[in-house]
$ cat coords_7.cif   # mmCIF, C-alpha atoms, pLDDT in the B column; chains and numbers go by the auth columns
data_query
#
loop_
_atom_site.group_PDB
_atom_site.id
_atom_site.type_symbol
_atom_site.label_atom_id
_atom_site.label_comp_id
_atom_site.label_asym_id
_atom_site.label_seq_id
_atom_site.Cartn_x
_atom_site.Cartn_y
_atom_site.Cartn_z
_atom_site.B_iso_or_equiv
_atom_site.auth_seq_id
_atom_site.auth_asym_id
ATOM 1 C CA MET A 1 0.000 0.000 0.000 52.00 1 A
ATOM 2 C CA GLY A 2 2.895 2.378 0.757 65.00 2 A
ATOM 3 C CA SER A 3 4.795 1.902 -2.497 77.00 3 A
ATOM 4 C CA LEU A 4 3.640 3.010 -5.908 79.00 4 A
ATOM 5 C CA SER A 5 3.589 0.571 -8.792 89.00 5 A
ATOM 6 C CA ILE A 6 4.604 1.320 -12.365 90.00 6 A
ATOM 7 C CA TRP A 7 0.963 1.948 -13.269 90.00 7 A
ATOM 8 C CA HIS A 8 0.689 4.707 -10.677 92.00 8 A
ATOM 9 C CA TRP A 9 3.776 6.416 -12.115 89.00 9 A
ATOM 10 C CA LEU A 10 2.425 6.121 -15.687 91.00 10 A
ATOM 11 C CA ILE A 11 -0.861 7.725 -14.653 92.00 11 A
ATOM 12 C CA VAL A 12 1.009 10.550 -12.927 91.00 12 A
ATOM 13 C CA LEU A 13 3.159 11.036 -16.047 89.00 13 A
ATOM 14 C CA VAL A 14 0.081 11.220 -18.306 90.00 14 A
ATOM 15 C CA ILE A 15 -1.564 13.779 -16.015 91.00 15 A
ATOM 16 C CA VAL A 16 1.612 15.904 -15.920 88.00 16 A
ATOM 17 C CA MET A 17 1.839 15.773 -19.733 87.00 17 A
ATOM 18 C CA LEU A 18 -1.803 16.844 -20.036 89.00 18 A
ATOM 19 C CA VAL A 19 -1.362 19.727 -17.608 89.00 19 A
ATOM 20 C CA PHE A 20 1.962 21.100 -18.877 85.00 20 A
ATOM 21 C CA GLY A 21 2.110 19.839 -22.443 86.00 21 A
ATOM 22 C CA THR A 22 5.060 18.148 -24.097 81.00 22 A
ATOM 23 C CA LYS A 23 6.650 21.392 -25.329 85.00 23 A
ATOM 24 C CA LYS A 24 6.903 22.876 -21.836 85.00 24 A
ATOM 25 C CA LEU A 25 8.232 19.590 -20.464 81.00 25 A
ATOM 26 C CA ARG A 26 10.885 19.478 -23.194 84.00 26 A
ATOM 27 C CA ASN A 27 11.904 23.069 -22.416 88.00 27 A
ATOM 28 C CA MET A 28 12.066 22.353 -18.697 86.00 28 A
ATOM 29 C CA GLY A 29 14.178 19.257 -19.382 85.00 29 A
ATOM 30 C CA SER A 30 16.658 21.170 -21.518 89.00 30 A
ATOM 31 C CA ASP A 31 16.829 23.971 -18.950 91.00 31 A
ATOM 32 C CA LEU A 32 17.507 21.452 -16.203 90.00 32 A
ATOM 33 C CA GLY A 33 20.171 19.747 -18.324 92.00 33 A
ATOM 34 C CA GLY A 34 21.845 23.099 -19.008 92.00 34 A
ATOM 35 C CA ALA A 35 21.841 23.922 -15.309 93.00 35 A
ATOM 36 C CA VAL A 36 23.432 20.590 -14.426 93.00 36 A
ATOM 37 C CA LYS A 37 26.062 21.051 -17.154 93.00 37 A
ATOM 38 C CA GLY A 38 26.839 24.560 -15.890 92.00 38 A
ATOM 39 C CA PHE A 39 27.174 23.256 -12.342 92.00 39 A
ATOM 40 C CA LYS A 40 29.584 20.513 -13.446 92.00 40 A
ATOM 41 C CA ASP A 41 31.673 23.019 -15.434 90.00 41 A
ATOM 42 C CA GLY A 42 31.781 25.322 -12.412 88.00 42 A
ATOM 43 C CA MET A 43 32.960 22.486 -10.195 86.00 43 A
ATOM 44 C CA LYS A 44 35.725 21.616 -12.680 86.00 44 A
ATOM 45 C CA GLU A 45 36.871 25.260 -12.770 82.00 45 A
ATOM 46 C CA ALA A 46 36.823 25.470 -8.988 77.00 46 A
ATOM 47 C CA SER A 47 38.978 22.382 -8.651 76.00 47 A
ATOM 48 C CA ALA A 48 41.390 23.737 -11.287 74.00 48 A
ATOM 49 C CA ASP A 49 41.662 27.084 -9.457 68.00 49 A
ATOM 50 C CA LYS A 50 42.974 25.618 -6.207 66.00 50 A
ATOM 51 C CA PRO A 51 45.268 28.038 -4.400 65.00 51 A
ATOM 52 C CA VAL A 52 48.973 27.377 -4.809 60.00 52 A
ATOM 53 C CA GLU A 53 50.636 26.223 -1.630 66.00 53 A
ATOM 54 C CA PRO A 54 53.328 28.592 -0.363 65.00 54 A
ATOM 55 C CA GLN A 55 56.867 27.484 -0.980 65.00 55 A
ATOM 56 C CA GLN A 56 58.870 26.555 2.053 65.00 56 A
ATOM 57 C CA VAL A 57 62.297 28.107 2.443 61.00 57 A
ATOM 58 C CA THR A 58 64.723 25.692 4.018 65.00 58 A
ATOM 59 C CA GLY A 59 67.959 26.612 5.725 64.00 59 A
ATOM 60 C CA GLN A 60 66.962 30.232 6.320 60.00 60 A
ATOM 61 C CA THR A 61 65.278 31.424 9.496 62.00 61 A
ATOM 62 C CA ILE A 62 64.206 34.986 10.169 61.00 62 A
ATOM 63 C CA ASP A 63 63.597 35.966 13.757 63.00 63 A
ATOM 64 C CA VAL A 64 61.330 38.994 13.724 63.00 64 A
ATOM 65 C CA GLU A 65 61.786 39.810 17.407 64.00 65 A
ATOM 66 C CA ALA A 66 65.576 39.773 17.082 58.00 66 A
ATOM 67 C CA ARG A 67 65.419 42.158 14.128 56.00 67 A
ATOM 68 C CA ARG A 68 63.183 44.552 16.049 58.00 68 A
ATOM 69 C CA GLU A 69 65.631 44.598 18.954 58.00 69 A
ATOM 70 C CA GLN A 70 68.562 45.196 16.613 60.00 70 A
ATOM 71 C CA THR A 71 66.851 48.157 14.924 64.00 71 A
ATOM 72 C CA LYS A 72 65.904 49.732 18.265 61.00 72 A
ATOM 73 C CA SER A 73 69.467 49.615 19.577 57.00 73 A
#

$ encode --input "coords_7.cif" --output "structure tokens"
Amino acid sequence: MGSLSIWHWLIVLVIVMLVFGTKKLRNMGSDLGGAVKGFKDGMKEASADKPVEPQQVTGQTIDVEARREQTKS
């Protein structure tokens, strides 16, 4: 009783087609497809635009506090 059979879905589909018409349904389908495509393209661009990790300098240490004390003296 809780689940819908294939016949229920077919009746719902026929009613939707009668209410909206096939042309509007086709337009809505293409609009939805375009939105999904745009979303996927945006996700690809976002993953390609990842920030570059800062380079680590090895062997060189700068002590800011020591420099401040040296400039004050």

$ atom_distance --input "coords_7.cif" --atom1 "CA of Gly34 in chain A" --atom2 "CA of Val12 in chain A"
25.1 Å

$ atom_distance --input "coords_7.cif" --atom1 "CA of Met28 in chain A" --atom2 "CA of Leu13 in chain A"
14.6 Å

$ atom_distance --input "coords_7.cif" --atom1 "CA of Gly29 in chain A" --atom2 "CA of Val16 in chain A"
13.5 Å

$ build_atoms --input "coords_7.cif" --residues "range 12-32 of chain A" --atoms "N, CA and C atoms" --output "short mmCIF file (atom, residue, chain, number, x, y, z; two decimals), in the frame of the given file"
data_model
loop_
_atom_site.label_atom_id
_atom_site.label_comp_id
_atom_site.auth_asym_id
_atom_site.auth_seq_id
_atom_site.Cartn_x
_atom_site.Cartn_y
_atom_site.Cartn_z
N VAL A 12 0.49 9.24 -13.33
CA VAL A 12 1.01 10.55 -12.93
C VAL A 12 1.69 11.23 -14.11
N LEU A 13 2.48 10.48 -14.88
CA LEU A 13 3.16 11.04 -16.05
C LEU A 13 2.17 11.55 -17.09
N VAL A 14 1.10 10.80 -17.34
CA VAL A 14 0.08 11.22 -18.31
C VAL A 14 -0.60 12.49 -17.83
N ILE A 15 -0.91 12.58 -16.55
CA ILE A 15 -1.56 13.78 -16.02
C ILE A 15 -0.64 14.98 -16.12
N VAL A 16 0.64 14.81 -15.81
CA VAL A 16 1.61 15.90 -15.92
C VAL A 16 1.72 16.36 -17.37
N MET A 17 1.75 15.41 -18.31
CA MET A 17 1.84 15.77 -19.73
C MET A 17 0.59 16.51 -20.19
N LEU A 18 -0.57 16.15 -19.67
CA LEU A 18 -1.80 16.84 -20.04
C LEU A 18 -1.84 18.26 -19.46
N VAL A 19 -1.33 18.41 -18.26
CA VAL A 19 -1.36 19.73 -17.61
C VAL A 19 -0.34 20.67 -18.24
N PHE A 20 0.90 20.22 -18.41
CA PHE A 20 1.96 21.10 -18.88
C PHE A 20 2.15 21.07 -20.38
N GLY A 21 1.86 19.98 -21.01
CA GLY A 21 2.11 19.84 -22.44
C GLY A 21 3.53 19.38 -22.69
N THR A 22 3.74 18.72 -23.81
CA THR A 22 5.06 18.15 -24.10
C THR A 22 6.10 19.22 -24.39
N LYS A 23 5.69 20.34 -24.99
CA LYS A 23 6.65 21.39 -25.33
C LYS A 23 7.24 22.01 -24.06
N LYS A 24 6.40 22.30 -23.09
CA LYS A 24 6.90 22.88 -21.84
C LYS A 24 7.79 21.88 -21.10
N LEU A 25 7.41 20.60 -21.13
CA LEU A 25 8.23 19.59 -20.46
C LEU A 25 9.59 19.47 -21.14
N ARG A 26 9.62 19.54 -22.47
CA ARG A 26 10.88 19.48 -23.19
C ARG A 26 11.75 20.68 -22.85
N ASN A 27 11.15 21.86 -22.78
CA ASN A 27 11.90 23.07 -22.42
C ASN A 27 12.44 22.99 -20.98
N MET A 28 11.61 22.48 -20.08
CA MET A 28 12.07 22.35 -18.70
C MET A 28 13.20 21.34 -18.60
N GLY A 29 13.12 20.26 -19.38
CA GLY A 29 14.18 19.26 -19.38
C GLY A 29 15.48 19.81 -19.91
N SER A 30 15.42 20.59 -20.98
CA SER A 30 16.66 21.17 -21.52
C SER A 30 17.22 22.23 -20.58
N ASP A 31 16.36 22.99 -19.93
CA ASP A 31 16.83 23.97 -18.95
C ASP A 31 17.51 23.29 -17.77
N LEU A 32 16.92 22.20 -17.31
CA LEU A 32 17.51 21.45 -16.20
C LEU A 32 18.85 20.85 -16.61
#
